[in-house]
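S.K.: structure04.cif (mmCIF, C-alpha atoms) pasted underneath:
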```cif
data_input
loop_
_atom_site.label_atom_id
_atom_site.label_comp_id
_atom_site.auth_asym_id
_atom_site.auth_seq_id
_atom_site.Cartn_x
_atom_site.Cartn_y
_atom_site.Cartn_z
CA MET A 1 -40.56 22.25 20.10
CA GLU A 2 -41.85 19.66 17.69
CA GLY A 3 -38.72 17.52 17.90
CA GLY A 4 -38.42 14.49 15.68
CA ASP A 5 -35.55 12.86 13.89
CA LEU A 6 -33.82 14.41 10.94
CA GLU A 7 -35.47 13.38 7.68
CA LEU A 8 -32.40 13.51 5.46
CA GLY A 9 -34.29 12.91 2.25
CA GLU A 10 -36.67 15.81 2.93
CA LEU A 11 -33.79 18.10 3.89
CA LEU A 12 -31.81 17.30 0.75
CA ALA A 13 -34.91 17.77 -1.39
CA ALA A 14 -35.51 21.17 0.21
CA ALA A 15 -31.87 22.13 -0.39
CA GLU A 16 -32.11 21.14 -4.05
CA ALA A 17 -35.31 23.16 -4.48
CA ALA A 18 -33.78 26.28 -2.88
CA PRO A 19 -31.26 28.63 -4.56
CA PRO A 20 -27.66 27.48 -3.96
CA SER A 21 -26.99 30.62 -1.92
CA GLU A 22 -29.58 29.56 0.69
CA SER A 23 -27.98 26.39 2.07
CA VAL A 24 -27.92 27.79 5.61
CA ASP A 25 -31.56 28.90 5.33
CA VAL A 26 -32.67 25.37 4.51
CA VAL A 27 -30.96 23.89 7.58
CA ALA A 28 -32.12 26.79 9.75
CA HIS A 29 -35.73 26.21 8.73
CA ASP A 30 -35.40 22.51 9.61
CA LEU A 31 -33.91 23.24 13.04
CA ARG A 32 -36.57 25.84 13.82
CA LYS A 33 -39.35 23.48 12.81
CA ARG A 34 -38.04 20.60 14.91
CA PHE A 35 -36.48 22.32 17.92
CA GLY A 36 -37.53 25.96 17.93
CA ALA A 37 -33.98 27.07 17.12
CA GLU A 38 -33.53 30.83 17.33
CA GLN A 39 -30.25 32.13 15.90
CA VAL A 40 -28.70 29.92 13.21
CA SER A 41 -25.39 30.75 11.51
CA PHE A 42 -22.69 29.05 9.51
CA LEU A 43 -19.15 30.34 10.11
CA PHE A 44 -16.20 29.53 7.86
CA VAL A 45 -12.50 30.36 7.82
CA ASP A 46 -11.14 33.07 5.53
CA LEU A 47 -8.41 32.57 2.94
CA ILE A 48 -5.57 33.50 5.26
CA GLY A 49 -6.81 31.08 7.92
CA GLN A 50 -6.90 33.64 10.70
CA ARG A 51 -10.51 34.84 10.87
CA LEU A 52 -14.03 33.50 10.69
CA VAL A 53 -16.76 34.89 8.47
CA ARG A 54 -20.38 34.57 9.60
CA LEU A 55 -23.15 33.60 7.18
CA ALA A 56 -26.44 33.89 9.04
CA ALA A 57 -29.84 32.59 8.00
CA THR A 58 -31.69 35.39 6.20
CA ASP A 59 -34.37 35.74 8.89
CA SER A 60 -31.82 35.74 11.70
CA GLU A 61 -30.95 38.82 13.72
CA ALA A 62 -27.23 38.11 13.18
CA ALA A 63 -25.82 40.24 10.38
CA ASP A 64 -23.88 38.65 7.55
CA ASN A 65 -21.87 41.85 7.20
CA ALA A 66 -20.59 41.67 10.78
CA GLU A 67 -16.86 42.05 11.27
CA PRO A 68 -14.85 38.83 10.88
CA ILE A 69 -14.03 37.06 14.13
CA ASP A 70 -10.44 36.34 15.15
CA LEU A 71 -10.04 32.58 15.04
CA GLN A 72 -7.04 31.97 17.28
CA GLY A 73 -8.01 31.22 20.86
CA SER A 74 -11.75 31.47 20.16
CA VAL A 75 -14.33 28.87 21.08
CA TYR A 76 -14.73 28.22 17.36
CA ASP A 77 -11.03 27.43 17.06
CA GLY A 78 -11.44 24.82 19.78
CA VAL A 79 -14.36 23.23 17.95
CA LEU A 80 -12.49 23.14 14.64
CA GLN A 81 -9.40 21.62 16.22
CA SER A 82 -11.15 19.03 18.37
CA GLN A 83 -13.99 18.33 15.89
CA ARG A 84 -16.26 18.09 18.93
CA GLN A 85 -19.52 19.85 19.60
CA HIS A 86 -19.44 22.66 22.19
CA VAL A 87 -22.41 23.76 24.29
CA GLU A 88 -22.54 26.81 26.56
CA PRO A 89 -25.19 29.13 28.05
CA ASP A 90 -26.19 32.09 25.92
CA ASP A 91 -27.04 35.55 27.25
CA GLU A 92 -30.80 34.96 27.39
CA GLY A 93 -31.15 31.78 29.44
CA GLY A 94 -30.84 29.39 26.53
CA GLU A 95 -27.96 27.37 25.15
CA ARG A 96 -25.55 28.06 22.32
CA VAL A 97 -24.55 24.92 20.41
CA ILE A 98 -21.48 25.08 18.14
CA THR A 99 -20.91 22.05 15.92
CA PRO A 100 -18.21 21.28 13.34
CA VAL A 101 -19.35 21.15 9.71
CA THR A 102 -16.96 18.63 8.19
CA ASN A 103 -16.89 16.41 5.12
CA ARG A 104 -14.30 13.59 4.83
CA GLY A 105 -11.97 15.45 7.19
CA ASP A 106 -12.36 18.80 5.42
CA CYS A 107 -13.30 21.43 8.01
CA ILE A 108 -15.80 23.49 6.06
CA GLY A 109 -16.78 25.55 9.10
CA VAL A 110 -19.03 25.44 12.15
CA LEU A 111 -22.79 25.57 12.66
CA GLU A 112 -23.88 27.84 15.52
CA VAL A 113 -27.41 27.44 16.90
CA THR A 114 -29.14 28.96 19.92
CA LEU A 115 -31.86 26.88 21.58
CA GLN A 116 -33.99 27.23 24.68
CA THR A 117 -32.74 23.85 25.81
CA ALA A 118 -30.58 21.16 24.31
CA ASP A 119 -30.59 17.67 25.79
CA ASP A 120 -28.46 14.82 24.46
CA THR A 121 -31.02 13.91 21.81
CA VAL A 122 -31.24 17.45 20.50
CA ARG A 123 -27.46 17.79 20.46
CA ARG A 124 -27.18 14.61 18.44
CA GLN A 125 -29.78 15.93 16.00
CA VAL A 126 -27.85 19.18 15.60
CA ARG A 127 -24.70 17.17 14.84
CA GLU A 128 -26.60 15.28 12.16
CA ALA A 129 -27.90 18.56 10.72
CA ALA A 130 -24.34 19.93 10.63
CA HIS A 131 -23.18 16.82 8.77
CA ALA A 132 -25.99 17.25 6.26
CA LEU A 133 -25.07 20.94 5.87
CA ALA A 134 -21.53 19.90 4.95
CA TYR A 135 -22.79 17.83 2.03
CA ILE A 136 -25.22 20.56 0.99
CA ILE A 137 -22.51 23.24 0.95
CA VAL A 138 -20.06 21.00 -0.94
CA THR A 139 -22.74 20.64 -3.61
CA ASP A 140 -24.09 24.19 -3.63
CA ARG A 141 -20.80 26.08 -3.63
CA ARG A 142 -20.22 24.85 -7.19
CA PHE A 143 -23.05 27.16 -8.28
CA THR A 144 -22.41 30.34 -6.28
CA ASP A 145 -19.55 32.67 -5.42
CA LEU A 146 -21.07 33.34 -2.00
CA TYR A 147 -18.50 31.27 -0.12
CA HIS A 148 -15.57 32.45 -2.26
CA LEU A 149 -16.59 36.07 -1.70
CA GLY A 150 -17.00 35.63 2.04
CA ARG A 151 -13.50 34.17 2.47
CA ARG A 152 -11.81 37.27 1.02
CA THR A 153 -11.10 39.39 4.08
CA THR A 154 -7.99 40.85 2.38
CA VAL A 155 -7.33 42.05 -1.14
CA THR A 156 -6.63 39.14 -3.49
CA SER A 157 -4.44 39.70 -6.54
CA LEU A 158 -5.19 38.28 -9.97
CA ALA A 159 -2.22 35.95 -9.63
CA ALA A 160 -3.46 34.67 -6.28
CA GLU A 161 -6.94 34.13 -7.74
CA ILE A 162 -5.44 31.97 -10.46
CA GLN A 163 -3.36 30.05 -7.94
CA HIS A 164 -6.31 29.27 -5.67
CA GLN A 165 -8.33 27.91 -8.57
CA LEU A 166 -5.55 25.40 -9.29
CA LEU A 167 -5.82 23.82 -5.83
CA PRO A 168 -8.21 20.97 -4.94
CA SER A 169 -11.56 22.15 -3.61
CA SER A 170 -10.72 20.51 -0.28
CA SER A 171 -7.41 20.79 1.55
CA CYS A 172 -8.04 17.63 3.57
CA CYS A 173 -9.17 14.07 2.85
CA GLU A 174 -9.76 11.05 5.06
CA ALA A 175 -9.96 7.49 3.80
CA ASP A 176 -9.56 4.06 5.34
CA GLN A 177 -5.88 3.77 4.47
CA PHE A 178 -4.74 7.38 4.97
CA THR A 179 -5.44 10.91 6.09
CA LEU A 180 -3.97 13.90 4.27
CA ALA A 181 -4.04 17.65 4.67
CA ALA A 182 -2.28 20.54 2.97
CA GLY A 183 -1.83 24.26 3.43
CA LEU A 184 -0.38 27.14 1.44
CA VAL A 185 0.67 30.54 2.81
CA PRO A 186 0.50 33.40 2.22
CA ALA A 187 -2.96 32.93 0.79
CA ASP A 188 -3.44 36.54 -0.41
CA ASP A 189 -0.14 36.86 -2.33
CA ILE A 190 1.59 34.75 -4.92
CA GLY A 191 4.65 32.67 -5.64
CA GLY A 192 4.01 29.62 -7.79
CA ASP A 193 3.22 26.81 -5.35
CA THR A 194 0.50 24.24 -5.89
CA TYR A 195 -0.50 20.92 -4.41
CA ASP A 196 -2.92 18.37 -5.78
CA TYR A 197 -4.34 14.96 -4.96
CA THR A 198 -6.90 12.50 -6.19
CA LEU A 199 -8.03 9.05 -5.17
CA ASP A 200 -9.03 6.26 -7.52
CA HIS A 201 -9.89 2.60 -6.90
CA GLY A 202 -6.39 1.48 -6.04
CA THR A 203 -4.09 4.49 -5.97
CA LEU A 204 -3.65 7.80 -4.18
CA HIS A 205 -2.05 10.39 -6.47
CA LEU A 206 -0.21 13.33 -4.88
CA SER A 207 1.77 16.24 -6.25
CA ILE A 208 3.46 19.32 -4.87
CA THR A 209 5.00 21.85 -7.27
CA ASP A 210 6.75 25.21 -7.28
CA ALA A 211 6.68 27.25 -10.47
CA MET A 212 9.58 29.70 -10.71
CA GLY A 213 8.92 33.43 -10.77
CA HIS A 214 6.40 35.73 -9.16
CA ASP A 215 3.05 37.36 -9.82
CA THR A 216 1.01 36.37 -12.87
CA ASP A 217 3.99 34.83 -14.69
CA SER A 218 4.36 32.14 -12.02
CA ALA A 219 0.57 31.71 -11.84
CA LEU A 220 0.38 31.09 -15.58
CA LEU A 221 3.33 28.70 -15.43
CA ALA A 222 1.66 26.84 -12.56
CA THR A 223 -1.54 26.65 -14.63
CA LEU A 224 0.32 25.02 -17.50
CA LEU A 225 2.12 22.64 -15.16
CA VAL A 226 -0.95 21.53 -13.19
CA GLY A 227 -2.98 21.19 -16.37
CA ALA A 228 -0.34 18.95 -17.95
CA LEU A 229 -0.06 16.80 -14.82
CA ARG A 230 -3.82 16.36 -14.55
CA GLN A 231 -4.16 15.55 -18.24
CA ALA A 232 -1.53 12.83 -17.95
CA ARG A 233 -2.91 11.49 -14.66
CA ARG A 234 -6.46 11.35 -16.00
CA SER A 235 -5.17 9.48 -19.04
CA GLY A 236 -3.94 6.72 -16.72
CA CYS A 237 -0.26 7.68 -16.62
CA ASP A 238 1.98 6.73 -13.72
CA ALA A 239 4.24 9.25 -11.95
CA LEU A 240 7.05 8.81 -14.47
CA LYS A 241 4.85 9.44 -17.50
CA GLN A 242 3.20 12.40 -15.72
CA ALA A 243 6.64 13.92 -15.15
CA ARG A 244 7.64 13.51 -18.79
CA HIS A 245 4.37 15.00 -19.98
CA ALA A 246 4.71 18.03 -17.71
CA HIS A 247 8.33 18.55 -18.76
CA GLU A 248 7.44 18.42 -22.45
CA ALA A 249 4.55 20.84 -21.93
CA LEU A 250 6.84 23.44 -20.35
CA LEU A 251 9.45 22.96 -23.07
CA SER A 252 6.86 23.25 -25.85
CA HIS A 253 5.57 26.54 -24.54
CA ASN A 254 9.01 27.88 -23.51
CA HIS A 255 7.35 29.11 -20.35
CA GLY A 256 9.91 28.63 -17.58
CA LEU A 257 10.98 26.12 -14.94
CA ALA A 258 9.23 24.37 -12.08
CA THR A 259 10.21 21.87 -9.41
CA GLY A 260 7.91 19.17 -8.16
CA GLN A 261 7.31 15.79 -6.59
CA LEU A 262 4.80 13.32 -8.00
CA LEU A 263 3.69 10.35 -5.93
CA CYS A 264 1.48 7.33 -6.63
CA VAL A 265 0.66 5.33 -3.49
CA ASP A 266 -0.71 1.80 -3.80
CA LEU A 267 -3.62 1.63 -1.36
CA GLU A 268 -3.23 -2.11 -0.89
CA THR A 269 0.47 -2.26 -0.05
CA GLY A 270 1.58 1.27 0.86
CA LEU A 271 4.27 1.16 -1.83
CA CYS A 272 4.84 4.66 -3.17
CA GLU A 273 6.30 5.31 -6.62
CA LEU A 274 7.58 8.83 -7.02
CA VAL A 275 9.51 11.29 -9.15
CA ASN A 276 11.53 14.12 -7.65
CA ALA A 277 12.06 16.94 -10.17
CA GLY A 278 14.50 19.25 -8.39
CA HIS A 279 12.28 19.57 -5.33
CA PRO A 280 13.19 19.61 -1.60
CA ARG A 281 13.22 16.08 -0.20
CA PRO A 282 10.26 14.97 1.93
CA LEU A 283 10.50 14.47 5.67
CA ARG A 284 9.23 11.32 7.36
CA LEU A 285 8.18 10.76 10.95
CA ARG A 286 8.53 7.10 11.89
CA ASP A 287 8.79 5.62 15.39
CA GLY A 288 9.37 9.06 16.92
CA ILE A 289 12.23 9.99 14.57
CA VAL A 290 12.05 12.72 11.92
CA GLU A 291 14.41 12.24 9.01
CA GLU A 292 14.82 13.43 5.46
CA VAL A 293 13.86 10.80 2.91
CA GLU A 294 16.88 10.04 0.75
CA LEU A 295 15.86 10.49 -2.86
CA ALA A 296 17.70 11.02 -6.08
CA VAL A 297 17.00 14.52 -7.40
CA ASN A 298 16.31 14.96 -11.12
CA LEU A 299 16.34 18.29 -12.94
CA PRO A 300 13.28 20.56 -12.70
CA PHE A 301 10.52 20.50 -15.29
CA GLY A 302 11.26 22.68 -18.31
CA VAL A 303 15.08 22.53 -18.26
CA THR A 304 16.32 22.64 -21.84
CA ALA A 305 19.22 20.26 -21.18
CA PRO A 306 18.64 16.54 -21.85
CA THR A 307 16.59 15.33 -18.88
CA THR A 308 15.80 11.81 -17.72
CA TYR A 309 13.36 11.28 -14.87
CA ARG A 310 13.83 8.38 -12.51
CA LEU A 311 10.97 6.47 -10.92
CA GLN A 312 11.83 5.73 -7.29
CA GLU A 313 10.11 3.68 -4.61
CA LEU A 314 9.28 4.45 -1.01
CA GLN A 315 7.58 1.91 1.26
CA LEU A 316 5.08 3.44 3.68
CA LEU A 317 4.42 1.63 6.96
CA PRO A 318 1.36 1.98 9.19
CA GLY A 319 1.94 4.92 11.53
CA ASP A 320 4.21 6.81 9.10
CA ARG A 321 3.73 10.53 8.64
CA LEU A 322 5.15 11.85 5.35
CA ILE A 323 5.66 15.61 4.99
CA LEU A 324 6.01 17.19 1.54
CA LEU A 325 7.02 20.84 1.37
CA THR A 326 8.22 23.63 -0.89
CA ASP A 327 11.39 25.64 -0.40
CA GLY A 328 9.39 28.50 1.10
CA MET A 329 9.18 26.37 4.26
CA GLN A 330 12.99 26.26 4.51
CA GLU A 331 14.56 29.30 2.86
CA ARG A 332 15.42 32.78 4.12
CA GLY A 333 13.65 33.66 7.36
CA ALA A 334 11.72 30.38 7.42
CA ALA A 335 15.00 28.51 7.88
CA ALA A 336 14.94 29.62 11.53
CA VAL A 337 12.09 27.20 12.19
CA ASP A 338 13.15 23.80 13.53
CA LEU A 339 10.76 21.82 11.37
CA ALA A 340 11.74 18.49 12.92
CA SER A 341 10.84 19.75 16.40
CA VAL A 342 7.47 21.09 15.25
CA ILE A 343 6.73 17.80 13.49
CA LEU A 344 7.57 15.87 16.67
CA ASP A 345 5.56 18.22 18.88
CA THR A 346 2.48 17.83 16.65
CA ARG A 347 2.76 14.10 15.98
CA ALA A 348 -0.43 13.33 17.94
CA LEU A 349 -2.47 15.91 16.03
CA HIS A 350 -4.62 15.36 13.00
CA PRO A 351 -2.65 16.30 9.83
CA ARG A 352 -5.03 19.24 9.40
CA GLU A 353 -3.86 20.75 12.68
CA ALA A 354 -0.23 19.76 12.13
CA VAL A 355 -0.27 21.69 8.85
CA ARG A 356 -1.63 24.74 10.67
CA SER A 357 1.11 24.48 13.27
CA LEU A 358 3.88 24.23 10.68
CA THR A 359 2.68 27.13 8.55
CA ALA A 360 2.00 29.24 11.67
CA ALA A 361 5.55 28.63 12.88
CA VAL A 362 6.95 29.82 9.54
CA LEU A 363 4.70 32.89 9.51
CA LYS A 364 5.72 33.75 13.05
CA VAL A 365 9.47 33.79 12.40
CA CYS A 366 8.87 35.78 9.21
CA HIS A 367 6.70 38.27 11.12
CA GLY A 368 3.68 37.42 9.00
CA SER A 369 5.30 38.27 5.68
CA LEU A 370 6.89 35.69 3.40
CA GLN A 371 8.92 36.46 0.29
CA ASP A 372 7.93 33.11 -1.24
CA ASP A 373 4.97 30.80 -0.88
CA ALA A 374 5.33 28.17 1.82
CA THR A 375 3.38 24.99 1.16
CA VAL A 376 3.17 21.79 3.16
CA LEU A 377 1.28 18.53 2.58
CA ILE A 378 1.09 15.88 5.30
CA LEU A 379 0.14 12.27 4.62
CA ASP A 380 -0.59 9.90 7.50
CA TRP A 381 -0.46 6.30 6.35
CA HIS A 382 -2.73 3.99 8.35
CA GLY A 383 -2.29 0.89 6.22
CA ASN A 384 -4.81 -1.50 4.78
CA ARG A 385 -7.26 -2.05 7.62
CA ARG A 386 -8.81 -5.03 5.92
CA ARG A 387 -5.67 -6.92 6.85
CA PRO A 388 -4.98 -8.02 10.44
CA ALA A 389 -4.89 -4.88 12.56
CA GLU A 390 -1.52 -3.27 13.14
CA LYS A 391 -1.10 -0.89 16.03
CA ARG A 392 -0.57 2.74 15.01
CA PRO A 393 -0.50 6.02 16.94
CA ASP A 394 -3.85 7.54 17.82
CA ARG A 395 -4.63 10.75 15.97
CA GLN A 396 -6.77 13.58 17.25
CA ARG A 397 -9.83 13.85 15.06
#
```
Rewrite the structure of this file - the entire thing - as structure tokens.
M.R.:
Amino acid sequence: MEGGDLELGELLAAAEAAPPSESVDVVAHDLRKRFGAEQVSFLFVDLIGQRLVRLAATDSEAADNAEPIDLQGSVYDGVLQSQRQHVEPDDEGGERVITPVTNRGDCIGVLEVTLQTADDTVRRQVREAAHALAYIIVTDRRFTDLYHLGRRTTVTSLAAEIQHQLLPSSSCCEADQFTLAAGLVPADDIGGDTYDYTLDHGTLHLSITDAMGHDTDSALLATLLVGALRQARRSGCDALKQARHAHEALLSHNHGLATGQLLCVDLETGLCELVNAGHPRPLRLRDGIVEEVELAVNLPFGVTAPTTYRLQELQLLPGDRLILLTDGMQERGAAAVDLASVILDTRALHPREAVRSLTAAVLKVCHGSLQDDATVLILDWHGNRRRPAEKRPDRQR
């Protein structure tokens, strides 16, 4: 083994020079050159969040067309949940190193490498290579359908394809003041749910919406709604003006109704301004107590009756966990889930894992088949850490 530290500049230059479909090959070549790595693969979770798809380096013996791997209970599941590197003996006297590939809290997948030996220095270098791979994939997946294609382990309808394209490219984000994560199930069918977020210099913008109807009609309505909200938000509008703009867009096109919640969180103070357009109230976990946040409920977007939206305020405190959800998490069979108990039981988990637990609980009681989308977004508020430190619960990372 040649060894040597990771030369990030050289690796990024090599990635830029290679086709965007060869991100894994670039990292594999680097690991072979420095450590004599043998098998190198990147594994990522499919759309329904239940299986892993393997993308092996082109000169690896591992086949890209291998059957997907069940995620639950696997060693990969443990790595994704803990975000810690795992090392175990392989079948040929070497070591198998499995490392999370994560960018700003977004679990992109895991990097699996087999080596003859892996001391602490080598393991650290593999972690650095996995971190670099995360940035490379985030960049390269804009130019190839390779990762989109690999995630489709079930048939995806046209409506579902439209819906997925409306969602942020990452379902999780970590910043100094907050951590958020979201999930939508079922991922291979369609209702009209969406969630969205963006972060600017001083404000975190959040939205969760539910367009009425099913199939392509709800997908098209959701497209109009999300487009109107983003247009208003990117024009500098606050939550109230975003709500009015979305409402007028639906009225102008006579395209149906949608519920939603729009939130603007001040990153300095934790003060949240929000509009609730006919949507289920959020839940809040504070000091070990789960309670529904009392909000006035305005009419949904697109109602033809005279509609006035009210801007409301909610003060977030360090340690708060805010849970936004759609009615698919509460209606019909899903109503059998004690959401408050699940929220309490998962309070020590990263929001990413808490989202998985909540959606899994709903899927379980509905025997894996939901009549409506079920969407949940969890926001952990840490507070402004530039101020004197305030004690908050530890979160699993």
S.K.: May I ask which of the residues A:Leu52, A:Ile136, A:Val87, A:Ile108 is the closest one to A:Leu12, counting all atoms listed in the file?
M.R.: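 Ranking A:Leu52, A:Ile136, A:Val87, A:Ile108 by distance to A:Leu12, first place goes to A:Ile136.
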S.K.: Which one is closest to A:Glu353: A:Asp30, A:Ala181, A:Arg54, A:Ala132? Count only C-alpha atoms.
M.R.: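 Result for the nearest residue to A:Glu353: A:Ala181.
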S.K.: For stretch 124-226 of chain A against stretch 257-276 of chain A, with a cut-off of 8 Å and counting only C-alpha atoms, what is the closest atom pair and its distance in Å to one decimal for every residue that makes the cut, ordered by chain and number, as CSV?
M.R.:
```
residue,atom,partner,partner_atom,distance
A:Gln177,CA,A:Leu267,CA,6.6
A:Gly202,CA,A:Leu267,CA,5.4
A:Thr203,CA,A:Asp266,CA,4.8
A:Leu204,CA,A:Val265,CA,5.0
A:His205,CA,A:Cys264,CA,4.7
A:Leu206,CA,A:Leu263,CA,5.0
A:Ser207,CA,A:Leu262,CA,4.6
A:Ile208,CA,A:Gln261,CA,5.5
A:Thr209,CA,A:Gly260,CA,4.1
A:Asp210,CA,A:Thr259,CA,5.3
A:Ala211,CA,A:Ala258,CA,4.2
A:Met212,CA,A:Ala258,CA,5.5
A:Ala222,CA,A:Ala258,CA,8.0
A:Leu225,CA,A:Ala258,CA,7.9
```
S.K.: Which is closer to A:Pro280 than all the others in A:Arg34, A:Glu313, A:Thr326, A:Val101, using all atoms listed in the file?
M.R.: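 Going through A:Arg34, A:Glu313, A:Thr326, A:Val101 one by one, the smallest distance to A:Pro280 is for A:Thr326.
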S.K.: Evaluated on this file, the PyMOL selection byres ((chain A and resi 42) around 12) picks out some residues - which ones are they, written as a compact mmCIF listing (two decimals) with C-alpha atoms, in the coordinates of the input?
M.R.:
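Output file out19.txt is given in full below:
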```
# COMPACT_ATOMS: atom_id res chain seq x y z
CA GLU A 22 -29.58 29.56 0.69
CA SER A 23 -27.98 26.39 2.07
CA VAL A 24 -27.92 27.79 5.61
CA ASP A 25 -31.56 28.90 5.33
CA VAL A 26 -32.67 25.37 4.51
CA VAL A 27 -30.96 23.89 7.58
CA ALA A 28 -32.12 26.79 9.75
CA GLN A 39 -30.25 32.13 15.90
CA VAL A 40 -28.70 29.92 13.21
CA SER A 41 -25.39 30.75 11.51
CA LEU A 43 -19.15 30.34 10.11
CA PHE A 44 -16.20 29.53 7.86
CA VAL A 45 -12.50 30.36 7.82
CA LEU A 52 -14.03 33.50 10.69
CA VAL A 53 -16.76 34.89 8.47
CA ARG A 54 -20.38 34.57 9.60
CA LEU A 55 -23.15 33.60 7.18
CA ALA A 56 -26.44 33.89 9.04
CA ALA A 57 -29.84 32.59 8.00
CA THR A 58 -31.69 35.39 6.20
CA SER A 60 -31.82 35.74 11.70
CA ALA A 62 -27.23 38.11 13.18
CA ALA A 63 -25.82 40.24 10.38
CA ASP A 64 -23.88 38.65 7.55
CA TYR A 76 -14.73 28.22 17.36
CA VAL A 97 -24.55 24.92 20.41
CA ILE A 98 -21.48 25.08 18.14
CA THR A 99 -20.91 22.05 15.92
CA PRO A 100 -18.21 21.28 13.34
CA VAL A 101 -19.35 21.15 9.71
CA THR A 102 -16.96 18.63 8.19
CA ILE A 108 -15.80 23.49 6.06
CA GLY A 109 -16.78 25.55 9.10
CA VAL A 110 -19.03 25.44 12.15
CA LEU A 111 -22.79 25.57 12.66
CA GLU A 112 -23.88 27.84 15.52
CA VAL A 113 -27.41 27.44 16.90
CA ALA A 129 -27.90 18.56 10.72
CA ALA A 130 -24.34 19.93 10.63
CA LEU A 133 -25.07 20.94 5.87
CA ALA A 134 -21.53 19.90 4.95
CA ILE A 137 -22.51 23.24 0.95
CA TYR A 147 -18.50 31.27 -0.12
CA GLY A 150 -17.00 35.63 2.04
```
S.K.: Choose the residue, out of A:Val226, A:Val185, A:Ala66, A:Ala239, that has the smallest atom-to-atom separation from A:Val362; count all atoms listed in the file.
M.R.: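 Looking only at the distances to A:Val362, the closest residue turns out to be A:Val185.
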S.K.: Under the rule that all atoms listed in the file are counted, which of A:Asp77, A:Glu38, A:Glu10, A:Asp106 is the nearest residue to A:Gly94?
M.R.: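 With all atoms listed in the file as the atom set, the closest residue is A:Glu38.
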S.K.: Would you list the contacts of A:Gly302 as number ranges by chain, taking every protein, DNA or RNA residue within 8 Å and counting all atoms listed in the file, but skipping same-chain residues closer than 6 positions in sequence?
M.R.: A: 247-251, 254-258
S.K.: Between atom CA of A:Ala335 and atom CA of A:Ile378, what is the distance, to one decimal in Å?
M.R.: 19.0 Å
S.K.: With only C-alpha atoms as the counted atoms, please give the residues lying no more than 10 Å from A:Gly183, apart from itself and same-chain residues fewer than 6 positions off, as a ChimeraX atom specification.
M.R.: /A:49,171-172,194-195,325,352,354-356,358-359,374-378
S.K.: Could you write out as a PyMOL selection string the residues that the PyMOL selection byres ((chain A and resi 143) around 12) matches in the shown file?
M.R.: chain A and resi 16+19-23+136-142+144-148
S.K.: So how far away is atom CA of A:His279 from atom CA of A:Ile162, in Å?
M.R.: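 Answer for the atom CA of A:Ile162 to atom CA of A:His279 separation: 22.2 Å.
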